[in-house]
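Q: entry-v8.cif is reproduced in full below (mmCIF, C-alpha atoms).
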```cif
data_data
loop_
_atom_site.label_atom_id
_atom_site.label_comp_id
_atom_site.auth_asym_id
_atom_site.auth_seq_id
_atom_site.Cartn_x
_atom_site.Cartn_y
_atom_site.Cartn_z
CA MET K 24 -17.55 -60.07 -42.31
CA THR K 25 -21.20 -61.08 -42.41
CA ALA K 26 -23.60 -58.48 -41.08
CA ALA K 27 -26.33 -59.39 -38.63
CA ALA K 28 -29.79 -59.60 -40.12
CA ALA K 29 -31.54 -56.24 -40.11
CA PRO K 30 -34.79 -56.01 -38.14
CA PRO K 31 -38.02 -55.99 -40.14
CA LEU K 32 -39.17 -52.60 -41.33
CA SER K 33 -42.42 -50.93 -40.32
CA ARG K 34 -44.35 -49.72 -43.36
CA ARG K 35 -47.20 -47.33 -44.13
CA THR K 36 -49.30 -47.21 -47.29
CA LEU K 37 -49.96 -43.56 -48.06
CA LEU K 38 -51.74 -42.31 -51.20
CA GLY K 39 -51.10 -45.64 -52.87
CA VAL K 40 -47.36 -45.64 -52.07
CA THR K 41 -45.82 -48.00 -49.52
CA LEU K 42 -43.23 -46.15 -47.43
CA ASP K 43 -40.77 -47.42 -44.85
CA ALA K 44 -41.57 -45.72 -41.53
CA VAL K 45 -37.99 -45.20 -40.34
CA THR K 46 -35.85 -42.42 -38.92
CA LEU K 47 -32.71 -41.15 -40.62
CA ASP K 48 -30.54 -43.05 -38.14
CA ALA K 49 -32.46 -46.29 -38.75
CA ALA K 50 -32.05 -45.88 -42.51
CA LEU K 51 -28.31 -45.31 -42.05
CA ASP K 52 -28.09 -48.45 -39.90
CA ARG K 53 -29.78 -50.42 -42.68
CA ILE K 54 -27.33 -49.00 -45.21
CA ASP K 55 -24.33 -49.81 -43.04
CA ALA K 56 -25.57 -53.40 -42.64
CA ALA K 57 -25.91 -53.73 -46.41
CA ILE K 58 -22.38 -52.45 -46.96
CA ARG K 59 -20.85 -54.76 -44.35
CA GLY K 60 -22.73 -57.74 -45.73
CA ARG K 61 -22.25 -56.76 -49.41
CA SER K 62 -26.01 -57.25 -49.82
CA PRO K 63 -27.97 -55.16 -52.36
CA LEU K 64 -30.03 -52.23 -51.09
CA LEU K 65 -31.73 -49.89 -53.56
CA VAL K 66 -32.93 -46.70 -51.87
CA GLY K 67 -35.90 -44.77 -53.24
CA VAL K 68 -37.08 -41.39 -52.00
CA VAL K 69 -40.54 -39.92 -52.57
CA ASN K 70 -41.85 -36.37 -52.27
CA ALA K 71 -45.20 -34.80 -53.16
CA ALA K 72 -44.26 -34.20 -56.80
CA LYS K 73 -43.14 -37.78 -57.28
CA VAL K 74 -46.32 -39.16 -55.69
CA VAL K 75 -48.31 -37.09 -58.21
CA ASN K 76 -46.16 -38.19 -61.15
CA MET K 77 -46.40 -41.85 -60.12
CA ARG K 78 -50.16 -41.71 -60.66
CA HIS K 79 -49.66 -41.32 -64.41
CA ASP K 80 -46.21 -42.80 -65.01
CA GLU K 81 -46.47 -46.55 -64.48
CA ALA K 82 -42.78 -47.13 -65.23
CA LEU K 83 -41.76 -44.61 -62.56
CA ARG K 84 -44.20 -46.16 -60.11
CA ALA K 85 -42.80 -49.65 -60.70
CA ASP K 86 -39.22 -48.42 -60.42
CA VAL K 87 -39.80 -46.58 -57.13
CA LEU K 88 -41.86 -49.33 -55.51
CA GLY K 89 -39.26 -51.86 -56.60
CA SER K 90 -36.75 -50.22 -54.26
CA ASP K 91 -35.71 -52.06 -51.11
CA LEU K 92 -36.08 -48.95 -48.94
CA VAL K 93 -38.64 -46.25 -49.83
CA LEU K 94 -38.37 -43.07 -47.77
CA ALA K 95 -40.51 -39.96 -47.29
CA ASP K 96 -38.37 -37.18 -48.71
CA GLY K 97 -40.89 -34.37 -48.15
CA MET K 98 -42.53 -32.86 -45.08
CA SER K 99 -45.81 -32.89 -47.01
CA LEU K 100 -45.81 -36.69 -46.79
CA VAL K 101 -45.14 -36.62 -43.05
CA TRP K 102 -48.04 -34.21 -42.56
CA ALA K 103 -50.30 -36.27 -44.83
CA GLY K 104 -49.41 -39.39 -42.84
CA LYS K 105 -50.37 -37.65 -39.60
CA LEU K 106 -53.65 -36.38 -41.04
CA LEU K 107 -54.53 -39.81 -42.44
CA ARG K 108 -53.43 -41.62 -39.26
CA ARG K 109 -50.57 -43.44 -40.98
CA ARG K 110 -47.80 -41.74 -39.11
CA LEU K 111 -44.22 -41.56 -40.29
CA PRO K 112 -41.57 -40.90 -37.63
CA GLU K 113 -39.84 -38.13 -39.58
CA ARG K 114 -38.84 -36.86 -42.96
CA VAL K 115 -35.78 -38.58 -44.43
CA ALA K 116 -34.61 -36.28 -47.22
CA GLY K 117 -32.41 -37.78 -49.91
CA ILE K 118 -29.75 -35.12 -49.43
CA ASP K 119 -29.70 -35.66 -45.65
CA LEU K 120 -29.33 -39.39 -46.22
CA MET K 121 -26.42 -38.71 -48.56
CA HIS K 122 -24.73 -36.51 -45.95
CA GLY K 123 -25.32 -39.20 -43.33
CA ILE K 124 -23.79 -41.87 -45.55
CA LEU K 125 -20.75 -39.67 -46.13
CA ALA K 126 -20.39 -38.96 -42.40
CA ARG K 127 -20.50 -42.67 -41.56
CA GLY K 128 -18.29 -43.42 -44.51
CA ASN K 129 -15.70 -41.01 -43.16
CA ALA K 130 -15.46 -43.18 -40.04
CA HIS K 131 -15.69 -46.56 -41.76
CA GLY K 132 -13.87 -45.93 -45.05
CA TYR K 133 -16.78 -46.32 -47.47
CA ARG K 134 -15.94 -46.49 -51.16
CA VAL K 135 -18.18 -44.19 -53.21
CA PHE K 136 -18.90 -43.76 -56.92
CA CYS K 137 -20.45 -40.45 -58.00
CA LEU K 138 -22.63 -40.49 -61.12
CA GLY K 139 -24.49 -37.52 -62.57
CA ALA K 140 -24.60 -33.72 -62.92
CA THR K 141 -22.36 -31.73 -65.28
CA ALA K 142 -18.63 -32.34 -65.34
CA ALA K 143 -17.96 -29.04 -63.57
CA VAL K 144 -20.53 -29.65 -60.83
CA LEU K 145 -19.34 -33.23 -60.40
CA ASP K 146 -15.71 -32.13 -59.94
CA ALA K 147 -16.71 -29.50 -57.39
CA ALA K 148 -18.91 -31.98 -55.48
CA ILE K 149 -16.08 -34.54 -55.32
CA ALA K 150 -13.69 -31.85 -54.07
CA ARG K 151 -16.19 -30.97 -51.34
CA ILE K 152 -16.53 -34.63 -50.32
CA GLY K 153 -12.75 -34.90 -50.12
CA ALA K 154 -12.48 -31.78 -47.97
CA ASP K 155 -15.33 -32.63 -45.60
CA HIS K 156 -14.96 -36.43 -45.48
CA PRO K 157 -11.33 -37.41 -46.08
CA GLY K 158 -12.04 -40.95 -44.86
CA VAL K 159 -14.37 -41.56 -47.83
CA ALA K 160 -12.70 -42.99 -50.92
CA VAL K 161 -14.24 -41.67 -54.14
CA VAL K 162 -13.30 -44.58 -56.38
CA GLY K 163 -14.93 -43.35 -59.57
CA ALA K 164 -17.02 -40.64 -61.17
CA GLN K 165 -19.00 -40.03 -64.35
CA HIS K 166 -21.02 -37.00 -65.41
CA GLY K 167 -24.68 -37.55 -66.18
CA TYR K 168 -24.69 -36.49 -69.83
CA PHE K 169 -23.89 -39.82 -71.43
CA THR K 170 -25.90 -41.34 -74.27
CA ALA K 171 -27.97 -44.52 -74.21
CA ASP K 172 -25.23 -46.20 -76.26
CA GLU K 173 -22.70 -45.32 -73.55
CA GLU K 174 -24.72 -46.73 -70.64
CA ARG K 175 -23.09 -50.15 -70.80
CA ASP K 176 -19.62 -48.58 -70.56
CA VAL K 177 -20.76 -46.54 -67.53
CA VAL K 178 -22.11 -49.67 -65.83
CA ASP K 179 -18.87 -51.54 -66.54
CA ALA K 180 -16.83 -48.68 -65.05
CA ILE K 181 -18.93 -48.79 -61.87
CA ARG K 182 -18.51 -52.57 -61.58
CA ARG K 183 -14.72 -52.32 -61.98
CA ALA K 184 -14.51 -49.64 -59.27
CA ARG K 185 -16.29 -51.91 -56.73
CA PRO K 186 -17.83 -49.11 -54.66
CA ASP K 187 -19.85 -49.64 -51.50
CA VAL K 188 -22.23 -46.82 -52.44
CA LEU K 189 -23.38 -45.43 -55.77
CA PHE K 190 -24.81 -41.90 -55.71
CA VAL K 191 -26.88 -41.11 -58.81
CA ALA K 192 -27.39 -37.37 -59.24
CA MET K 193 -29.87 -37.32 -62.12
CA THR K 194 -33.38 -35.99 -62.48
CA SER K 195 -36.47 -38.13 -62.01
CA PRO K 196 -37.45 -40.43 -63.70
CA LYS K 197 -34.05 -40.86 -65.39
CA LYS K 198 -32.28 -41.93 -62.21
CA GLU K 199 -35.00 -44.42 -61.24
CA ARG K 200 -34.99 -45.92 -64.73
CA PHE K 201 -31.19 -46.27 -64.76
CA LEU K 202 -31.09 -47.98 -61.37
CA ALA K 203 -34.01 -50.29 -62.14
CA ARG K 204 -32.46 -51.29 -65.47
CA TRP K 205 -28.94 -51.94 -64.24
CA ARG K 206 -29.10 -52.68 -60.50
CA ALA K 207 -28.56 -56.44 -60.97
CA GLU K 208 -25.37 -55.83 -62.96
CA LEU K 209 -23.85 -52.99 -60.96
CA ASP K 210 -22.68 -55.21 -58.07
CA VAL K 211 -22.93 -52.28 -55.63
CA PRO K 212 -24.37 -52.84 -52.14
CA VAL K 213 -26.11 -49.46 -51.82
CA CYS K 214 -27.57 -47.43 -54.69
CA HIS K 215 -29.09 -44.06 -53.83
CA GLY K 216 -30.59 -41.59 -56.29
CA VAL K 217 -29.71 -38.15 -54.92
CA GLY K 218 -31.25 -35.91 -57.58
CA GLY K 219 -29.81 -32.40 -57.45
CA SER K 220 -27.73 -32.97 -54.31
CA PHE K 221 -24.41 -32.62 -56.17
CA ASP K 222 -25.46 -29.08 -57.18
CA VAL K 223 -25.88 -28.26 -53.48
CA LEU K 224 -22.57 -29.89 -52.57
CA ALA K 225 -20.84 -27.94 -55.34
CA GLY K 226 -22.39 -24.64 -54.20
CA ALA K 227 -24.25 -24.18 -57.50
CA VAL K 228 -27.63 -24.27 -55.71
CA GLN K 229 -28.32 -23.02 -52.20
CA ARG K 230 -30.40 -25.28 -49.97
CA ALA K 231 -33.18 -23.79 -47.88
CA PRO K 232 -32.30 -22.82 -44.29
CA GLU K 233 -33.21 -25.36 -41.63
CA ARG K 234 -36.24 -23.39 -40.50
CA TRP K 235 -37.70 -23.42 -44.03
CA GLN K 236 -37.09 -27.17 -44.19
CA ARG K 237 -38.72 -27.81 -40.81
CA PHE K 238 -41.90 -25.98 -41.82
CA GLY K 239 -42.07 -27.73 -45.19
CA PHE K 240 -41.19 -24.68 -47.29
CA GLU K 241 -38.06 -26.02 -48.97
CA TRP K 242 -39.95 -26.09 -52.27
CA LEU K 243 -40.82 -22.41 -51.83
CA TYR K 244 -37.19 -21.52 -51.23
CA ARG K 245 -36.26 -23.38 -54.40
CA LEU K 246 -39.04 -21.58 -56.27
CA LYS K 247 -37.62 -18.26 -55.07
CA GLN K 248 -34.32 -19.15 -56.74
CA GLU K 249 -35.81 -20.29 -60.07
CA PRO K 250 -39.33 -18.84 -60.33
CA ARG K 251 -39.71 -18.89 -64.12
CA ARG K 252 -38.71 -22.52 -64.46
CA LEU K 253 -40.50 -23.94 -61.43
CA TRP K 254 -43.72 -22.01 -60.72
CA LYS K 255 -45.97 -23.99 -63.06
CA ARG K 256 -44.56 -27.31 -61.86
CA TYR K 257 -45.08 -26.53 -58.18
CA LEU K 258 -48.52 -25.03 -58.75
CA LYS K 259 -49.67 -28.20 -60.51
CA THR K 260 -48.07 -30.81 -58.27
CA ASN K 261 -48.92 -29.10 -54.98
CA THR K 262 -52.54 -28.63 -56.02
CA VAL K 263 -52.92 -32.23 -57.17
CA PHE K 264 -51.18 -33.56 -54.05
CA CYS K 265 -53.53 -31.63 -51.75
CA ALA K 266 -56.50 -32.95 -53.72
CA MET K 267 -55.17 -36.50 -53.34
CA VAL K 268 -54.87 -36.09 -49.56
CA VAL K 269 -58.39 -34.66 -49.28
CA GLY K 270 -59.75 -37.49 -51.44
CA GLU K 271 -58.01 -40.11 -49.30
CA LEU K 272 -59.28 -38.45 -46.13
CA CYS K 273 -62.86 -38.55 -47.44
CA ARG K 274 -62.51 -42.23 -48.32
CA ASP K 275 -61.12 -42.96 -44.84
CA MET K 276 -64.19 -41.36 -43.29
CA ARG K 277 -66.51 -43.89 -44.91
CA PRO K 278 -68.13 -46.30 -42.43
CA GLY K 279 -65.99 -49.37 -41.79
CA ARG K 280 -62.93 -48.08 -43.64
CA ALA K 281 -60.97 -47.07 -40.51
CA ALA K 282 -61.66 -50.39 -38.82
CA ARG K 283 -60.45 -52.33 -41.84
CA ALA K 284 -57.33 -50.17 -42.00
CA ARG K 285 -56.53 -50.86 -38.35
CA ARG K 286 -56.96 -54.59 -38.85
CA SER K 287 -54.67 -54.54 -41.90
CA GLY K 288 -51.99 -52.57 -40.02
CA THR K 289 -51.95 -49.54 -42.35
CA CYS K 290 -52.86 -47.03 -39.65
#
```
Represent the structure of the file as structure tokens.

A:
Amino acid sequence: MTAAAAPPLSRRTLLGVTLDAVTLDAALDRIDAAIRGRSPLLVGVVNAAKVVNMRHDEALRADVLGSDLVLADGMSLVWAGKLLRRRLPERVAGIDLMHGILARGNAHGYRVFCLGATAAVLDAAIARIGADHPGVAVVGAQHGYFTADEERDVVDAIRRARPDVLFVAMTSPKKERFLARWRAELDVPVCHGVGGSFDVLAGAVQRAPERWQRFGFEWLYRLKQEPRRLWKRYLKTNTVFCAMVVGELCRDMRPGRAARARRSGTC
């Protein structure tokens, strides 16, 4: 069955990153259209830390911006967009998108391949998917601790399984590099890098309560769970991100800049 053409996306350029200004439901509609039409859709998600890292990592920047759908994963980006008058309709977190795909897949029989995490976490995540979404067919799985020499075998296994969706639960930039390198050979309609979402599914990591998420403190809740490992990272990335927003705001205040932005459609 050939899917109807998806409507054009509205986009915002924020801190040098072009984001698709869509809601979670609109992103899920785009994903469903790609699955029904067997057309490739690489999903990228961006938060404050990744925006900071993309400034210095050109490979990561190219991989993220090469995605077909680039979503604002963090509330900090939504707030920055509001402050800089490049509004985004809402945050679309990678884990929420994954849950939405699974919920729709339960109704429509999506075929899913799960790649990443440790073997134990992967098994527990798959068991949770089976319990919560029995209509989803998990057609293959592979833990994330394979070597570079084994990558070709992993790609071949994914191709043979013919999934509708590939979830890649690896850290950044490993997941972006893997998807950019192999996307043309995977023959999977939808590829979505979900980071540590399998750990949450498996119960190995607790996600922040909804109120913490709504106020943009999910990072703080994560820091509370692993303070020794994460405090330096969050201190650096949050500080640099705030400085980037302030710098962009100052540039926007220059005479003529706002008018040019309105004419170019970035506001």

Q: Pick out the residues sitting within 9 Å of region 153-163 of chain K, and hand them over as a ChimeraX atom specification; count only C-alpha atoms, and ignore anything fewer than 5 positions along from it in its own chain.

A: /K:125-138,148,180-181,184-186

Q: Of the candidates K:Gly226, K:Leu106, K:Leu65, K:Trp235, which one gets nearest to Leu209 (chain K) if we count all atoms listed in the file?

A: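 That would be K:Leu65, the residue with the smallest distance to Leu209 (chain K).
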
Q: Calculated over all atoms listed in the file, which of the candidates K:Leu253, K:Val223, K:Val69, K:Leu202 has the smallest distance to Asp86 (chain K)?

A: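 Among the listed residues, K:Leu202 lies closest to Asp86 (chain K).
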
Q: Return as JSON, numbers by chain the set of residues that the PyMOL selection byres ((chain K and resi 52-64) around 6) yields on the displayed structure.

A: {"K": [25, 26, 49, 50, 51, 65, 91, 187, 212, 213]}

Q: Give as a tab-separated table (two decimals) with C-alpha atoms, in the coordinates of the input the residues that the PyMOL selection byres ((chain K and resi 98) around 9) matches when applied to the coordinates above.

A:
```tsv
chain	number	residue	atom	x	y	z
K	70	ASN	CA	-41.85	-36.37	-52.27
K	71	ALA	CA	-45.20	-34.80	-53.16
K	95	ALA	CA	-40.51	-39.96	-47.29
K	96	ASP	CA	-38.37	-37.18	-48.71
K	97	GLY	CA	-40.89	-34.37	-48.15
K	99	SER	CA	-45.81	-32.89	-47.01
K	100	LEU	CA	-45.81	-36.69	-46.79
K	101	VAL	CA	-45.14	-36.62	-43.05
K	102	TRP	CA	-48.04	-34.21	-42.56
K	103	ALA	CA	-50.30	-36.27	-44.83
K	113	GLU	CA	-39.84	-38.13	-39.58
K	114	ARG	CA	-38.84	-36.86	-42.96
K	115	VAL	CA	-35.78	-38.58	-44.43
K	116	ALA	CA	-34.61	-36.28	-47.22
K	236	GLN	CA	-37.09	-27.17	-44.19
K	237	ARG	CA	-38.72	-27.81	-40.81
K	238	PHE	CA	-41.90	-25.98	-41.82
K	239	GLY	CA	-42.07	-27.73	-45.19
K	240	PHE	CA	-41.19	-24.68	-47.29
```

Q: So the first atom is CA of Met193 (chain K) and the second is CA of Ala140 (chain K); what is the distance between them in Å, to one decimal place?

A: 6.4 Å
